[in-house]
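S.K.: Mind having a look at this structure? Questions to follow.
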There are 2 protein chains.
Amino acid sequence: MPRDEFSLINEYFTHRSAKRGDVAMGIGDDGAVVRPMPEHDLVIVTDTLVEGVHFDMTTPPRAIGHKSVAVNLSDLAAMGAQPCWVSLALTLPRMDEDWLQEFSGGLDEICSYYDCQLIGGDTTKGPLTITITAHGQLPSGSAIPRSGAKAGDWIYVSGSLGDAGLGLQVTQNKVSTTGRHLQQVIERLHYPTPRVALGQSLRGVASSCIDVSDGLLADLRHLMTEAGTQAQLELEKLPLSLALTETLQVDDALALALTAGDDYELCFTLPEEHRGRMETLTTHLKTRPVCIGRVANGESGDIQLRYNGEDWLLAEGYSSFNHFPQNQATK
Amino acid sequence: MPRDEFSLINEYFTHRSAKRGDVAMGIGDDGAVVRPMPEHDLVIVTDTLVEGVHFDMTTPPRAIGHKSVAVNLSDLAAMGAQPCWVSLALTLPRMDEDWLQEFSGGLDEICSYYDCQLIGGDTTKGPLTITITAHGQLPSGSAIPRSGAKAGDWIYVSGSLGDAGLGLQVTQNKVSTTGRHLQQVIERLHYPTPRVALGQSLRGVASSCIDVSDGLLADLRHLMTEAGTQAQLELEKLPLSLALTETLQVDDALALALTAGDDYELCFTLPEEHRGRMETLTTHLKTRPVCIGRVANGESGDIQLRYNGEDWLLAEGYSSFNHFPQNQATK
């Protein structure tokens, strides 16, 4: 692309997103200058979306703009941080004004909603790749680690799991669902909601936290491995949407909820003595965390699955890294 | 790439680079947690390198690792910031241990040299793309802007220009040079030195500053446009290396020095009353800035070129965005 097209591209981003008082210099200089809050730590996260890997030609550009920010704010939420500033590295194969209009619109909407300012970045020519680096702040020393779980802690998730995975299957025509569920699961896939307010409420309350991006089993395993503990899940407590349970048979719905990624709910552990405090703190939130099991001493990183008190086995072909089998049965 | 290869990739970066006391949590959690200095501003910069655009298959991976950090530290230097933390978003087409070893080695060397810690990032599969986001700090309110030049200010550059441009021509077999110059110009192309110490010395001294990444004329024009001023350059003062002057005829050497990018010297403006202070502050540095002209009232963004008092015209075919003409004459 000639340089003047780059200037045009920059225009799509320059006057957008929330204007914060702590941004001394934004887009346009060699770098952005921001004023961190006194007595606060800075949390920095980075996530890349690549065409053909994280989305494809059929994904609406507005959804790509939304999701590229959402996955980063979700990482900030898992640490308990308040989002403040994002920078965007955008690699584009060609100038496409319609695409840019939609992409920047999606990015702007979510940034504005969370009062997070786009402070700069870099636009280059090449295969479509989006890297967002997001910055959040929290009171010094209050970041929620991955490693703090202890035997006896309760395990929670912040909302229903498996919906984004079902959405992916639907867009790939591997599963069909009825009209009223269709919109919901595709929304969850394309427009994930980072649990920002919940994450901040969990500071000093949760003993460990992670966001479910790779699937509950995979992400919970990180928490258990870091803590040297095991997890005991009671699958009948797993929050499942009607969209999921009316589309799939129960074992398939559970398997998807356990292994599919992209839901961006928070999974966290909570000491017994903080249960009341957490419930009080979260009463004003739309998100109501659900207790799904307990941390125990045992083999580090192990996860035991029970359904109504019986051992439950994940069907062969499911794994957290191979999100959905080819021969998935549907109702 | 399967997930376990990603884990392997992360190993190349996890235990590398300087360990700083202000990094509370580094690679391995959802995000990094760092402690900004009280009474300091944070400077954030992002730059992407794409294969086929910023480098090619023949570029040594160690150089790619070095340069991906260097171009970002150069942006920090232009603001006067001290580098602290970098995050890396690496998109790789395949697992290649030799490549990773060299790339991470080059990245590690420059980070360690500047006491800058790699605090995290994201590794994805896709076309080779490297995005670095670098963070620096400086006393609150002391960032050097692009916009502060005033008529009467002196214009400086921090070192010789055109060498990286010559190096590029040499690697593309468009120009040949003698052995003793060959190494030097290819080093300047592949292993640029960000002027970190100089940039920090210029805080409160320079009225505006930019790093020369797109060519002196293009970058100086940014400073003049932002300030609404024009520049008058005396080209006989332009610092040129022996490598450049012994390889090209004088007009071609000057044209390259004015238009070629990738040298990553600083170009800054200095009020008359700060000249002595700047010279005192920079006596202990290896980099000795050279005065090449003066800021004047006139058409905003205009740059007048004189050589020994005579008007000098850039030959047709040269521009800052088309770094070198095809028919370049060589001695």
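Residues in the structure tokens are named by chain (A, B, ... in the order shown) and by number from 1 within that chain; ligands are numbered from 1 in the order shown.
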Would you mind listing, as a PyMOL selection string, all residues of chain B that have at least one atom within 8 Å of chain A, where only C-alpha atoms are what counts?
M.R.: chain B and resi 3+29-36+38-48+50+53+75-76+78-79+87-89+120-127+131+133+140+143+145-146+210+321
S.K.: So which residues touch Ala231 (chain B) within 8 Å, counting only C-alpha atoms, skipping near sequence neighbours fewer than 6 positions away, as a list of chain:residue names?
M.R.: B:Met224, B:Gly293, B:Arg294, B:Val295, B:Ala296, B:Gly301, B:Asp302, B:Ile303, B:Gln304
S.K.: Just how far from CA of Thr225 (chain A) is CA of Gln101 (chain B), in Å to one decimal?
M.R.: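 These two atoms are separated by 27.6 Å.
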S.K.: Compile the contact shell of Glu265 (chain B) as a ChimeraX atom specification: residues with an atom at most 9 Å away, counting only C-alpha atoms, same-chain residues fewer than 3 positions apart removed.
M.R.: /B:74,157-161,192-195,210-213,262
S.K.: Those same residues - N, CA and C atoms - I'd like them written as a compact mmCIF listing (two decimals), in the first residue's frame.
M.R.:
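Written file, out_30.txt:
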# COMPACT_ATOMS: atom_id res chain seq x y z
N SER B 74 13.99 2.48 19.61
CA SER B 74 14.28 3.74 18.92
C SER B 74 13.10 4.72 19.07
N VAL B 157 21.25 15.86 13.89
CA VAL B 157 21.08 14.40 13.78
C VAL B 157 22.17 13.74 14.62
N SER B 158 21.87 12.52 15.07
CA SER B 158 22.75 11.88 16.05
C SER B 158 23.88 11.07 15.41
N GLY B 159 23.87 10.88 14.09
CA GLY B 159 24.95 10.10 13.48
C GLY B 159 24.75 10.00 11.98
N SER B 160 25.61 9.24 11.35
CA SER B 160 25.64 9.21 9.88
C SER B 160 24.40 8.55 9.31
N LEU B 161 23.96 9.09 8.18
CA LEU B 161 22.71 8.63 7.55
C LEU B 161 23.01 7.98 6.20
N PRO B 192 20.49 -2.30 13.86
CA PRO B 192 20.47 -0.87 14.18
C PRO B 192 20.59 -0.64 15.69
N THR B 193 21.23 0.48 16.04
CA THR B 193 21.43 0.84 17.45
C THR B 193 20.45 1.94 17.83
N PRO B 194 19.49 1.64 18.71
CA PRO B 194 18.58 2.71 19.16
C PRO B 194 19.35 3.69 20.03
N ARG B 195 19.12 4.98 19.86
CA ARG B 195 19.90 6.00 20.58
C ARG B 195 19.27 6.29 21.94
N ILE B 210 12.45 13.04 16.71
CA ILE B 210 11.86 11.90 16.00
C ILE B 210 13.01 10.96 15.65
N ASP B 211 12.71 9.68 15.46
CA ASP B 211 13.78 8.80 14.99
C ASP B 211 13.66 8.63 13.48
N VAL B 212 14.81 8.54 12.81
CA VAL B 212 14.83 8.50 11.35
C VAL B 212 14.63 7.05 10.90
N SER B 213 13.37 6.69 10.67
CA SER B 213 13.08 5.34 10.21
C SER B 213 12.64 5.34 8.76
N ASP B 262 15.67 3.42 7.92
CA ASP B 262 16.28 2.33 8.68
C ASP B 262 17.59 2.67 9.38
S.K.: Would you kindly return, as a PyMOL selection string, each protein, DNA or RNA residue with an atom no farther than 12 Å from any atom of His66 (chain A), considering only C-alpha atoms and excluding same-chain residues fewer than 5 positions away?
M.R.: chain A and resi 49+59-61+71-73+102-114+130+132+187-194
S.K.: Quick one: everything within 10 Å of Glu246 (chain A), counting only C-alpha atoms, minus sequence neighbours fewer than 3 positions away in the same chain. Send it as a list of chain:residue names.
M.R.: A:Thr177, A:Thr178, A:His181, A:Ser241, A:Leu242, A:Ala243, A:Gln249, A:Val250, A:Ala253, A:Thr330, A:Lys331
S.K.: Report as a PyMOL selection string: the residues of region 3-243 of chain B with a DSSP assignment of helix (DSSP H, G or I), based on the backbone of this structure.
M.R.: chain B and resi 3-14+61-79+97-113+163-171+179-190+196-201+216-227+235-237+242-243
S.K.: Counting only C-alpha atoms, what is within 10 Å of Cys291 (chain B), bar same-chain residues fewer than 2 positions away, as a list in words?
M.R.: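 Contacts, in chain order: Trp154, Ile155, Tyr156, Val157, Ser158, Leu233, Glu234, Lys237, Leu238, Pro239, Cys267, Phe268, Thr269, Leu270, Arg288, Pro289, Gly293 and Arg294 of chain B.
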S.K.: Based on the backbone DSSP call, show me all residues of region 33-265 of chain A assigned strand (DSSP E), as a VMD selection string.
M.R.: chain A and resid 33 to 34 40 to 50 82 to 92 117 to 125 129 to 139 154 to 157 208 to 211 230 to 234
S.K.: With only C-alpha atoms as the counted atoms, please give the residues lying no more than 9 Å from Ile9 (chain B), apart from itself and same-chain residues fewer than 5 positions off, as a list in words.
M.R.: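 Surrounding residues, per the criterion: Asp4, Met95, Glu97, Leu100 and Thr123 of chain B.
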S.K.: Quick check, in Å to one decimal: how far apart do CA of Val185 (chain A) and CA of Gln232 (chain A) lie?
M.R.: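 Separation of CA of Val185 (chain A) and CA of Gln232 (chain A): 27.9 Å.
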S.K.: What's the separation between CA of Val69 (chain A) and CA of Thr280 (chain A), in Å to one decimal place?
M.R.: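 Value for the CA of Val69 (chain A)-CA of Thr280 (chain A) distance: 29.3 Å.
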